[in-house]
Amino acid sequence: MSFIKSFFACLCAILVSALIITLVLLGIGAAMIYSSSSKGTITSNSVLYIPLEGSMEERGQNDIYAKLLSNADVTPSLESILSSIKVAKTDDRIKGIYLKPGVLSCGYASLEEIRQALQDFKSSGKFIYVYSGTYTQGAYYVSSVADSIFINPQGVLDFRGVASSSMFYKHLLDTLGVDMQVIKVGTYKSFTEQYSNDSMSAPNREQTEHLVHGLWNTMLKEISLSRSISEDSLDMIANQMMAFQMPQVALNYRMVDGIRYADEVKSLLMSKLSLKEDDKIPFVSVVDYFDSQELEKTAAAVSPKKVAVLYMVGEIDNGNKDGISSSEMISQLNKLRSDSTIKAVVIRVNSPGGSAYGAEQIWRGVKLLQEKKPVVVSMGDYAASGGYYLSTGANYIYADSKTITGSIGVFGVIPNVSKLMDKIGVKHEVVKTNPYADLLSNFTRPLSEEETTLLQSHVADVYDTFLSRCSEGRNMEKSEVEKIAEGRVWSGVDALNIGLVDKLGTLKDAVSYAAKLAELGDGYAVVSYPELKSPLEQLSELPHIGYEKMFHSEVLSREMEILNKLERLDFHQAIMPYSVSVK
């Protein structure tokens with residue numbers, strides 16, 4: 001028996017050692033690939049290659065493992081795309097841009113930023129070509145600004161209008177015996193409707209219809225200007241469900257400029273670049289091009305006059321792995337406040353909100369920073385509820401026209417599973433010293449009338465603080481803020497009209513204005529925070545990253561994220577009324 005135990009112990013040790021060595025070798029190989037790709041030279045007559053597919057993040061870590069383990073194009077971050085387009089505009093080595101759209105997942109405000117960057121790039125006289133076999137509606141919206149749009153003979157162009165869907169779980173919860181007890185302030189704060197209703201309330205439908213129609217009309221106007229097709233015609237084309245039409249239909253409507261195979265588009269590019277038949281097109285991927293700017297980034301880091309861009313992305317303190325930690329953000333804000341080389345700060349907000357407490361703490365950090373140097377907010381896809389809350393401490397607020405913002409409201413939800421407990425035959429008893437000792441911890445009973453009143457008063461107090469922050473930050477009477485609050489979401493265009501933001505513009509516009517407020521002229525550098533992990537830091541997390549990549553499917557990761565969120569969720573939430581998935 002002792003021999004068998006020793007044998008299996010040795011076998012396990014050998015297997016574990018082999019696994020560790022394999023992971024280390026993978027990491028070293030990944031580092032080598034990362035190093036070689038990021039240090040490659042860029043030749044003259046190059047074309048910047050931008051793949052628009054996959055799930056695009058606001059500011060992604062350059063994952064060395066993705067480069068090693070995937071043959072597909074690594075989805076670039078929004079930051080890398082915008083920065084690369086800006087640099088390529090004046091880089092004599094870059095002659096044009098080649099976009100390769102696919103199935104792309106990101107918000108319309110991010111797409112608008114890319115589109116405007118491409119529009120600015122075109123002013124240099126350089127070309128933009130687009131080719132794909134699959135154009136999602138968002139990808140086509142970006143592509144419509146290009147000089148030439150090509151589609152595969154068997155390709156698909158999805159253009160069908162904008163929709164937002166909601167799911168309701170009340171009947172399921174009733175069947176299970178779970179009652180979600182809702183405490184909220186805000187007529188339009190409809191996040192809790194998924195638990196309490198079987199359908200959309202009238203206020204929720206009103207705000208959703210206004211949002212999607214506003215987004216669609218703005219898109220039609222912009223595509224119309226780029227493609228010289230009337231807005232009415234584009235709307236009519238969408239009614240035909242273009243995804244089910246052959247590419248010739250898109251060509252007839254002038255939505256594309258040609259139907260080509262990949263090799264034919266390659267020939268057009270080669271002719272454009274005056275290349276010979278045996279030459280190769282010198283493509284430069286946007287990821288590698290962004291990496292090649294390390295010298296500029298290093299120079300920026302030591303500049304005596306800098307504008308910092310602080311990214312705040314994700315939900316606030318709700319247990320999301322990639323969300324916003326209020327304590328970490330406060331630390332970043334304090335660091336920027338004490339850094340004498342940082343003359344102004346742009347806070348890039350892409351958040352639907354989250355913990356009202358966390359939002360208040362970040363707001364305080366923003367206010368303290370703003371007392372010492374100019375602070376400008378740039379809103380991305382979302383800057384709603386808690387995301388708007390923290391923005392009110394800034395000097396000035398920019399939003400994209402398609403930003404979803406507002407949602408000034410607060411709610412809390414407490415489940416009551418007493419009927420479910422009865423169904424499954426489980427009994428539960430509590431012994432307590434005071435009337436409210438088990439409030440917010442005992443979900444096996446309904447709230448009493450006194451408890452409901454107490455919680456409603458508490459939520460109302462948090463809401464009143466939220467209104468005060470907006471009133472102070474936007475220089476509006478609290479009564480005026482109340483009229484546009486009530487938890488209602490607004491597009492960037494509407495937010496400008498009602499005074500929630502100061503101007504429509506991109507992150508680039510926000511940086512320029514922050515420099516203007518700080519009176520920096522043209523001699524300043526732009527640096528980004530929080531600092532991303534270096535390849536060596538990524539390698540130090542090898543076992544953890546390897547485990548996640550091997551064992552966590554996308555679905556399981558999503559479920560784990562939900563469980564983590566439930567574990568850390570604050571009672572009072574300042575978060576968007578619903579998860580908007582606009583398609």
# chains A, B, ... in the order shown; residues from 1 in each chain; ligands from 1

$ residues_around --residues "Ser196 of chain A" --least-positions-apart "3" --cutoff "10 Å" --atoms "only C-alpha atoms" --output "PyMOL selection string"
chain A and resi 168-171+173-174+179-182+190-193+199

$ write_last_selection --atoms "C-alpha atoms" --output "short mmCIF file (atom, residue, chain, number, x, y, z; two decimals), in the first residue's frame"
data_model
loop_
_atom_site.label_atom_id
_atom_site.label_comp_id
_atom_site.auth_asym_id
_atom_site.auth_seq_id
_atom_site.Cartn_x
_atom_site.Cartn_y
_atom_site.Cartn_z
CA PHE A 168 -39.32 39.63 -17.97
CA TYR A 169 -39.04 36.94 -15.32
CA LYS A 170 -42.06 37.66 -13.11
CA HIS A 171 -44.07 34.61 -14.21
CA LEU A 173 -40.39 33.84 -10.27
CA ASP A 174 -44.08 33.47 -9.33
CA ASP A 179 -41.17 37.60 -4.76
CA MET A 180 -38.74 40.38 -5.69
CA GLN A 181 -39.54 43.29 -3.36
CA VAL A 182 -38.66 46.52 -5.13
CA SER A 190 -37.14 50.27 -15.06
CA PHE A 191 -34.29 47.89 -14.20
CA THR A 192 -36.55 46.19 -11.66
CA GLU A 193 -39.38 45.65 -14.17
CA SER A 199 -44.27 43.55 -19.92
#

$ residues_around --residues "Met242 of chain A" --least-positions-apart "4" --cutoff "9 Å" --atoms "only C-alpha atoms" --output "VMD selection string"
chain A and resid 156 to 160 237 to 238 246 to 247 249 to 250

$ closest_residue --among "A:Ala437, A:Val287, A:Leu234, A:Val256" --to "Ile151 of chain A" --atoms "only C-alpha atoms"
A:Val256

$ residues_around --residues "segment 517-522 of chain A" --least-positions-apart "4" --cutoff "7 Å" --atoms "only C-alpha atoms" --output "mmCIF file with C-alpha atoms, in the first residue's frame"
data_model
loop_
_atom_site.group_PDB
_atom_site.id
_atom_site.type_symbol
_atom_site.label_atom_id
_atom_site.label_comp_id
_atom_site.auth_asym_id
_atom_site.auth_seq_id
_atom_site.Cartn_x
_atom_site.Cartn_y
_atom_site.Cartn_z
ATOM 1 C CA LYS A 343 -1.769 69.665 -15.922
ATOM 2 C CA ALA A 344 -5.270 68.465 -16.827
ATOM 3 C CA PRO A 374 -9.068 71.062 -14.990
ATOM 4 C CA TYR A 513 -10.421 71.134 -24.489
#

$ closest_residue --among "A:Ile229, A:Val103, A:Leu269, A:Ala515" --to "Asn252 of chain A" --atoms "only C-alpha atoms"
A:Ile229

$ atom_distance --atom1 "atom CA of Ala163 of chain A" --atom2 "atom CA of Val212 of chain A"
6.6 Å

$ atom_distance --atom1 "atom CA of Asp120 of chain A" --atom2 "atom CA of Asp147 of chain A"
12.9 Å

$ residues_around --residues "Leu439 of chain A" --least-positions-apart "2" --cutoff "10 Å" --atoms "only C-alpha atoms" --output "list in words"
Ile414, Pro435, Tyr436, Ala437, Ser441, Asn442, Phe443, Arg445, Leu447, Ser448, Glu451 and Leu455 of chain A

$ select_by_dssp --residues "segment 114-298 of chain A" --states "helix (DSSP H, G or I)" --output "PyMOL selection string"
chain A and resi 114-122+137-143+170-176+190-196+202-227+231-238+242-244+247-252+262-272+286-291+294-298

$ residues_around --residues "segment 224-228 of chain A" --least-positions-apart "3" --cutoff "10 Å" --atoms "only C-alpha atoms" --output "VMD selection string"
chain A and resid 119 141 143 to 147 218 to 221 231 to 234 254 to 257

$ closest_residue --among "A:Gly425, A:Gly102, A:Gly186, A:Gly96" --to "Thr75 of chain A" --atoms "only C-alpha atoms"
A:Gly102

$ atom_distance --atom1 "atom CA of Ala356 of chain A" --atom2 "atom CA of Ala514 of chain A"
27.2 Å

$ closest_residue --among "A:Gln361, A:Ser84, A:Asn350, A:Ser407" --to "Glu486 of chain A" --atoms "only C-alpha atoms"
A:Ser407

$ select_by_dssp --residues "segment 151-258 of chain A" --states "strand (DSSP E)" --output "ChimeraX atom specification"
/A:151-157,179-185,258

$ write_last_selection --atoms "N, CA and C atoms" --output "PDB file, in the first residue's frame"
ATOM      1  N   ILE A 151     -17.908  44.125 -51.366  1.00  0.00           N
ATOM      2  CA  ILE A 151     -18.524  42.979 -50.705  1.00  0.00           C
ATOM      3  C   ILE A 151     -18.312  41.734 -51.547  1.00  0.00           C
ATOM      4  N   ASN A 152     -18.175  40.600 -50.886  1.00  0.00           N
ATOM      5  CA  ASN A 152     -17.999  39.323 -51.568  1.00  0.00           C
ATOM      6  C   ASN A 152     -19.272  38.964 -52.355  1.00  0.00           C
ATOM      7  N   PRO A 153     -19.139  38.268 -53.498  1.00  0.00           N
ATOM      8  CA  PRO A 153     -20.315  37.889 -54.288  1.00  0.00           C
ATOM      9  C   PRO A 153     -21.369  37.106 -53.501  1.00  0.00           C
ATOM     10  N   GLN A 154     -20.946  36.404 -52.455  1.00  0.00           N
ATOM     11  CA  GLN A 154     -21.902  35.680 -51.612  1.00  0.00           C
ATOM     12  C   GLN A 154     -21.996  36.314 -50.220  1.00  0.00           C
ATOM     13  N   GLY A 155     -21.651  37.564 -50.143  1.00  0.00           N
ATOM     14  CA  GLY A 155     -21.598  38.239 -48.855  1.00  0.00           C
ATOM     15  C   GLY A 155     -22.950  38.666 -48.320  1.00  0.00           C
ATOM     16  N   VAL A 156     -22.925  39.160 -47.074  1.00  0.00           N
ATOM     17  CA  VAL A 156     -24.141  39.597 -46.369  1.00  0.00           C
ATOM     18  C   VAL A 156     -23.923  41.001 -45.832  1.00  0.00           C
ATOM     19  N   LEU A 157     -24.879  41.884 -46.081  1.00  0.00           N
ATOM     20  CA  LEU A 157     -24.861  43.233 -45.517  1.00  0.00           C
ATOM     21  C   LEU A 157     -26.127  43.400 -44.687  1.00  0.00           C
ATOM     22  N   ASP A 179     -40.604  36.258  -4.616  1.00  0.00           N
ATOM     23  CA  ASP A 179     -41.169  37.596  -4.764  1.00  0.00           C
ATOM     24  C   ASP A 179     -40.028  38.618  -4.638  1.00  0.00           C
ATOM     25  N   MET A 180     -39.790  39.373  -5.721  1.00  0.00           N
ATOM     26  CA  MET A 180     -38.740  40.383  -5.689  1.00  0.00           C
ATOM     27  C   MET A 180     -39.356  41.697  -5.198  1.00  0.00           C
ATOM     28  N   GLN A 181     -38.990  42.093  -3.990  1.00  0.00           N
ATOM     29  CA  GLN A 181     -39.544  43.288  -3.364  1.00  0.00           C
ATOM     30  C   GLN A 181     -38.721  44.505  -3.786  1.00  0.00           C
ATOM     31  N   VAL A 182     -39.353  45.405  -4.499  1.00  0.00           N
ATOM     32  CA  VAL A 182     -38.660  46.522  -5.135  1.00  0.00           C
ATOM     33  C   VAL A 182     -38.840  47.802  -4.335  1.00  0.00           C
ATOM     34  N   ILE A 183     -37.730  48.469  -4.075  1.00  0.00           N
ATOM     35  CA  ILE A 183     -37.733  49.790  -3.451  1.00  0.00           C
ATOM     36  C   ILE A 183     -37.013  50.713  -4.426  1.00  0.00           C
ATOM     37  N   LYS A 184     -37.673  51.733  -4.959  1.00  0.00           N
ATOM     38  CA  LYS A 184     -37.008  52.568  -5.959  1.00  0.00           C
ATOM     39  C   LYS A 184     -37.542  53.989  -5.942  1.00  0.00           C
ATOM     40  N   VAL A 185     -36.761  54.879  -6.565  1.00  0.00           N
ATOM     41  CA  VAL A 185     -37.196  56.247  -6.830  1.00  0.00           C
ATOM     42  C   VAL A 185     -36.899  56.521  -8.297  1.00  0.00           C
ATOM     43  N   GLY A 258     -18.754  47.945 -55.111  1.00  0.00           N
ATOM     44  CA  GLY A 258     -18.391  46.855 -55.999  1.00  0.00           C
ATOM     45  C   GLY A 258     -18.558  45.512 -55.342  1.00  0.00           C
TER      46      GLY A 258
END
